[in-house]
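Written out below as structure tokens is the structure these notes cover.
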Amino acid sequence: HWLSKLAPRKQAVAHISLLAVSLVALPIIPNPAWKHSGIGQPSLTILALLLVTVGLPYFVLSSTSPLLQAWYARTHPGGLPYRLFALSNFCSMLALLSYPFLIEPNLSSLTQGLSWSVGFVGFILLCAVTAWRATAETTLAVGEATVADTGLDPAPSWTTCLLWLGLAAAASILLLAVTSHLTQDVAAIPFLWILPLAVYLLSFIICFESPRLYRRAIFVPLLVVALAFMAYRLWPEPGKMGMRPVIDLFTSALFVCCMVCHGELVRLKPQPRQLTGFYVIVSLGGALGGLFVGLLAPYVFHAYYEFPIGLALCALVTAIVFTRALLVRPGAPRYWMQTGIAITVVFLAGYFYILGSIMFQMTDGYRVVARNFYGQLRVFDDGDPRIDDDASRRLIHGAINHGQQMLREEYRRLPVTYFCPESGIGRGMKALEGHPRRIGILGLGCGTLAAYGLPGDTLRIYEINPLMLGIARREFTYLKDTPAKVEVALGDARLVLESESTAPNQLFDILVMDAFSGDSVPVHLIAKEAFAIYFQHLKAAGILAVNISNTYLALDPVMERAADAFDKVALLYHWNPKEDDPMCFSCSWTLIMDRGTLAAHPELRKGAEVLRQKRPFRVWTDDFSNMFSILK
């Protein structure tokens, strides 16, 4: 936007210079010095890492698109520069769809970074040539000059600029809110985040490439339905609906909202001479939406209030746009205008009231609702321990049961859910009884594994989320009840263990990896380099236990390859409790150990499958992982 105010040759010189300076960021490979333990709120550290690693190249790439459109508008009188914005978003969607399915499965992270850096150098050369050639056309098109001279192309009013900002921000907030809702509260399906982002980009493509496809007569009624549906599904205990229809309908509702927001942006777009200012405000709106959801909301909200706030903003800004259009419509009967405005006001008032009620219900009835960078945690009681044998207290992360404790006194100290005695972890714990044990646990939950602690044992727990530790101590009694000594190390488990490698090793008898967040997979905790750290802290006869229970991913080939890389044997336990068992869940565990350890504990073979390579599968490392290859 600033460059567009300079002479054409100065524009080219300034942009080429900035392109050249951006080369200092190559290759775009993070320095290991940026490793962060993750204690507290690592948002600012992540932003700083991104700024240093990809900030300048990203800034140059982002600013090039509107600048090229400004050059095109100057050198191609009568052309449609906004179509280039549609092309840009189309290419973004191609990259989005191709990366997880084509690039990530076939190229290591290092190769990706180096290849991208080489491609970026090629882009800089091409862009520099284009910038220099664009300076050859220094005269404005006749049509533009006429418009400028006659004053028919004035700067947009501040109300128009606010509408640009609001429409862009509303779509951005809804994109991120719907993505969070689907991936945390509906289903943690791998790659599910792609779907909302794809429809968001698709709405940009359609609206800027073929504006006629956005028709108010069609999309305004659909917008009312979409806003009503999303509010209904956010209400506690809405009607039962299958997971697939919920995903499809939420994605469709998001598409409708984005089509309206972006369609109205196109209707309000200025003449090409004001193009760069338009993009500045649209980009600012998108950035403000992202900052609101990604940075502000986790710090100030206990629940996911940004979703109803996003719905309210979308309803408000679109209502203002439609009312404004109605007021300036020539020849519109005054009665119909007043009626339309009255209906809009009533609708907004009722909708805001419903959204306010939803926000109240998001925390009502829970013992605890807390939230930070790592997501939302809720604690509630199910049943009355005075009359219900199966009364329990549950810790919920998103839609996943992250821990549970029975409330009846006789059951309170029992390990339940994924940790029952008959499960793989229960088998491993029992095999090592008979002497004081040193037990390492990656991932606290509500502290259920402390139920296996015996007098003389030491439990060392690694937990990245300080909220989790506070809840486990206040709301559950596993850590208080265990006769074992309890140590807690806050921070990313792998990085903390790595830092402890310089001191005497922990010498764990058993090390339990249960640090999954719902059904999502922390890949850095199951890479080959992570296993090397785990085995460094295990006794020679120790056991590494990994909870691989997952609805959508088959993690056993990852475990088999990791075990083989260190000449270990991996035992897989699939366990299903009785249907009427209220305490135990179906689960899958892998126990990895030396062959000598297995020989010393032959009872571990019972009910276990020895993992062997069944198909070509590449060991996962910090430089390579392929989530697509383990989809169930």
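Naming scheme: A, B, ... for chains in displayed order of the structure tokens; residues 1 onward per chain; ligands 1 onward as shown.
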
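Residues lying within 7 Å of segment 294-304 of chain A, counting only C-alpha atoms and ignoring same-chain neighbours fewer than 3 positions away, are Gly290, Leu291, Phe307, Met362, Thr363, Val369, Ala370, Arg371, Asn372, Phe373 and Gln376 of chain A.
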
- Message: If you run DSSP on the backbone here, which positions in segment 490-585 of chain A get helix (DSSP H, G or I)? Please write them as a PyMOL selection string.
- Response: chain A and resi 493-500+523-525+528-537+556-565

Output file for the residues above (C-alpha atoms, as a PDB file, in the first residue's frame):
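Generated file (selection_13.pdb):
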ATOM      1  CA  ALA A 493       8.306 -34.252  28.671  1.00  0.00           C
ATOM      2  CA  ARG A 494      10.839 -34.913  25.939  1.00  0.00           C
ATOM      3  CA  LEU A 495      12.708 -31.644  26.462  1.00  0.00           C
ATOM      4  CA  VAL A 496      12.749 -32.047  30.242  1.00  0.00           C
ATOM      5  CA  LEU A 497      14.073 -35.608  29.921  1.00  0.00           C
ATOM      6  CA  GLU A 498      16.626 -34.372  27.416  1.00  0.00           C
ATOM      7  CA  SER A 499      17.807 -31.730  29.870  1.00  0.00           C
ATOM      8  CA  GLU A 500      18.051 -34.419  32.563  1.00  0.00           C
ATOM      9  CA  VAL A 523       4.698 -36.703  16.906  1.00  0.00           C
ATOM     10  CA  HIS A 524       7.838 -35.422  18.624  1.00  0.00           C
ATOM     11  CA  LEU A 525       7.132 -37.837  21.499  1.00  0.00           C
ATOM     12  CA  LYS A 528      13.129 -42.203  16.954  1.00  0.00           C
ATOM     13  CA  GLU A 529      15.071 -39.457  18.745  1.00  0.00           C
ATOM     14  CA  ALA A 530      12.467 -39.427  21.522  1.00  0.00           C
ATOM     15  CA  PHE A 531      12.746 -43.189  22.004  1.00  0.00           C
ATOM     16  CA  ALA A 532      16.519 -42.818  22.299  1.00  0.00           C
ATOM     17  CA  ILE A 533      15.970 -40.442  25.231  1.00  0.00           C
ATOM     18  CA  TYR A 534      13.435 -42.784  26.831  1.00  0.00           C
ATOM     19  CA  PHE A 535      15.754 -45.792  26.674  1.00  0.00           C
ATOM     20  CA  GLN A 536      18.599 -43.688  28.037  1.00  0.00           C
ATOM     21  CA  HIS A 537      16.540 -43.125  31.201  1.00  0.00           C
ATOM     22  CA  ASP A 556       1.402 -50.027  15.998  1.00  0.00           C
ATOM     23  CA  PRO A 557       3.707 -49.813  12.910  1.00  0.00           C
ATOM     24  CA  VAL A 558       5.285 -46.671  14.416  1.00  0.00           C
ATOM     25  CA  MET A 559       5.926 -48.600  17.637  1.00  0.00           C
ATOM     26  CA  GLU A 560       7.283 -51.653  15.803  1.00  0.00           C
ATOM     27  CA  ARG A 561       9.750 -49.630  13.731  1.00  0.00           C
ATOM     28  CA  ALA A 562      10.954 -47.685  16.786  1.00  0.00           C
ATOM     29  CA  ALA A 563      11.454 -50.891  18.777  1.00  0.00           C
ATOM     30  CA  ASP A 564      13.316 -52.510  15.887  1.00  0.00           C
ATOM     31  CA  ALA A 565      15.608 -49.473  15.549  1.00  0.00           C
TER      32      ALA A 565
END

Which residues come within 12 Å of Thr448 of chain A, counting only C-alpha atoms, excluding same-chain residues fewer than 2 positions away, as a PDB file with C-alpha atoms, in the first residue's frame?
ATOM      1  CA  ARG A 393     -15.685 -37.421  38.670  1.00  0.00           C
ATOM      2  CA  ARG A 394     -14.484 -36.788  35.138  1.00  0.00           C
ATOM      3  CA  LEU A 395     -11.885 -34.584  33.522  1.00  0.00           C
ATOM      4  CA  HIS A 402      -8.919 -37.238  29.991  1.00  0.00           C
ATOM      5  CA  GLY A 403      -9.250 -38.850  33.392  1.00  0.00           C
ATOM      6  CA  GLN A 404     -11.813 -40.244  35.793  1.00  0.00           C
ATOM      7  CA  GLN A 405     -12.059 -41.256  39.429  1.00  0.00           C
ATOM      8  CA  MET A 406     -14.793 -43.229  41.122  1.00  0.00           C
ATOM      9  CA  ARG A 412     -11.703 -44.309  44.880  1.00  0.00           C
ATOM     10  CA  ARG A 413      -8.152 -45.705  44.759  1.00  0.00           C
ATOM     11  CA  LEU A 414      -8.701 -48.042  41.816  1.00  0.00           C
ATOM     12  CA  PRO A 415      -7.047 -47.368  38.434  1.00  0.00           C
ATOM     13  CA  VAL A 416      -9.860 -46.979  35.891  1.00  0.00           C
ATOM     14  CA  THR A 417     -10.594 -45.988  32.259  1.00  0.00           C
ATOM     15  CA  TYR A 418      -7.545 -46.850  30.087  1.00  0.00           C
ATOM     16  CA  PHE A 419      -5.450 -47.978  33.059  1.00  0.00           C
ATOM     17  CA  CYS A 420      -7.331 -50.948  34.517  1.00  0.00           C
ATOM     18  CA  PRO A 421      -5.267 -53.870  35.875  1.00  0.00           C
ATOM     19  CA  ILE A 425      -0.209 -50.952  31.438  1.00  0.00           C
ATOM     20  CA  GLY A 426      -1.718 -52.933  34.303  1.00  0.00           C
ATOM     21  CA  ILE A 441       4.931 -40.972  33.658  1.00  0.00           C
ATOM     22  CA  GLY A 443       1.255 -37.007  30.913  1.00  0.00           C
ATOM     23  CA  LEU A 444      -0.549 -36.545  34.225  1.00  0.00           C
ATOM     24  CA  GLY A 445      -4.256 -36.519  33.371  1.00  0.00           C
ATOM     25  CA  CYS A 446      -6.076 -36.632  36.698  1.00  0.00           C
ATOM     26  CA  ALA A 450      -0.577 -42.984  40.828  1.00  0.00           C
ATOM     27  CA  ALA A 451      -2.985 -45.733  41.921  1.00  0.00           C
ATOM     28  CA  TYR A 452      -0.249 -48.235  40.998  1.00  0.00           C
ATOM     29  CA  GLY A 453       2.206 -46.633  43.413  1.00  0.00           C
ATOM     30  CA  LEU A 459       6.581 -41.639  40.749  1.00  0.00           C
ATOM     31  CA  ILE A 461       5.453 -37.251  36.466  1.00  0.00           C
ATOM     32  CA  ALA A 472      -5.370 -33.095  39.544  1.00  0.00           C
ATOM     33  CA  ARG A 473      -4.351 -31.885  42.997  1.00  0.00           C
ATOM     34  CA  PHE A 476      -8.946 -35.634  42.383  1.00  0.00           C
ATOM     35  CA  THR A 477      -7.249 -37.587  45.158  1.00  0.00           C
ATOM     36  CA  TYR A 478      -4.971 -40.027  43.300  1.00  0.00           C
ATOM     37  CA  LEU A 479      -1.843 -37.981  44.041  1.00  0.00           C
ATOM     38  CA  LYS A 480      -2.840 -37.606  47.714  1.00  0.00           C
ATOM     39  CA  ASP A 481      -3.859 -41.245  48.199  1.00  0.00           C
ATOM     40  CA  THR A 482      -0.812 -42.965  46.737  1.00  0.00           C
ATOM     41  CA  ASP A 514       0.453 -41.210  27.913  1.00  0.00           C
TER      42      ASP A 514
END

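From atom CA of Ala540 of chain A back to atom CA of Ala489 of chain A, the distance works out to 23.3 Å.
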
- Might you pull out every residue within 10 Å of Phe59 of chain A, with only C-alpha atoms counted and same-chain residues fewer than 6 positions away left off, and present them as a ChimeraX atom specification? /A:18-19,22,51

- Task: Considering only C-alpha atoms, return as an NGL selection string whatever protein or nucleic-acid residues lie within 10 Å of segment 89-96 of chain A, sequence-local ones (same chain, fewer than 3 positions apart) excluded.
- Result: :A and (83-86 or 99-103 or 194-195 or 197-206 or 208-209)

- May I have all residues of segment 447-536 of chain A that DSSP, computed from the backbone, assigns to strand (DSSP E or B), given as a PyMOL selection string? chain A and resi 458-463+485-490+508-513+517+520

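Compared by their closest atoms to His262 of chain A, and using only C-alpha atoms, the residues A:Leu47, A:Leu442, A:Leu3, A:Cys314 rank with A:Cys314 nearest.
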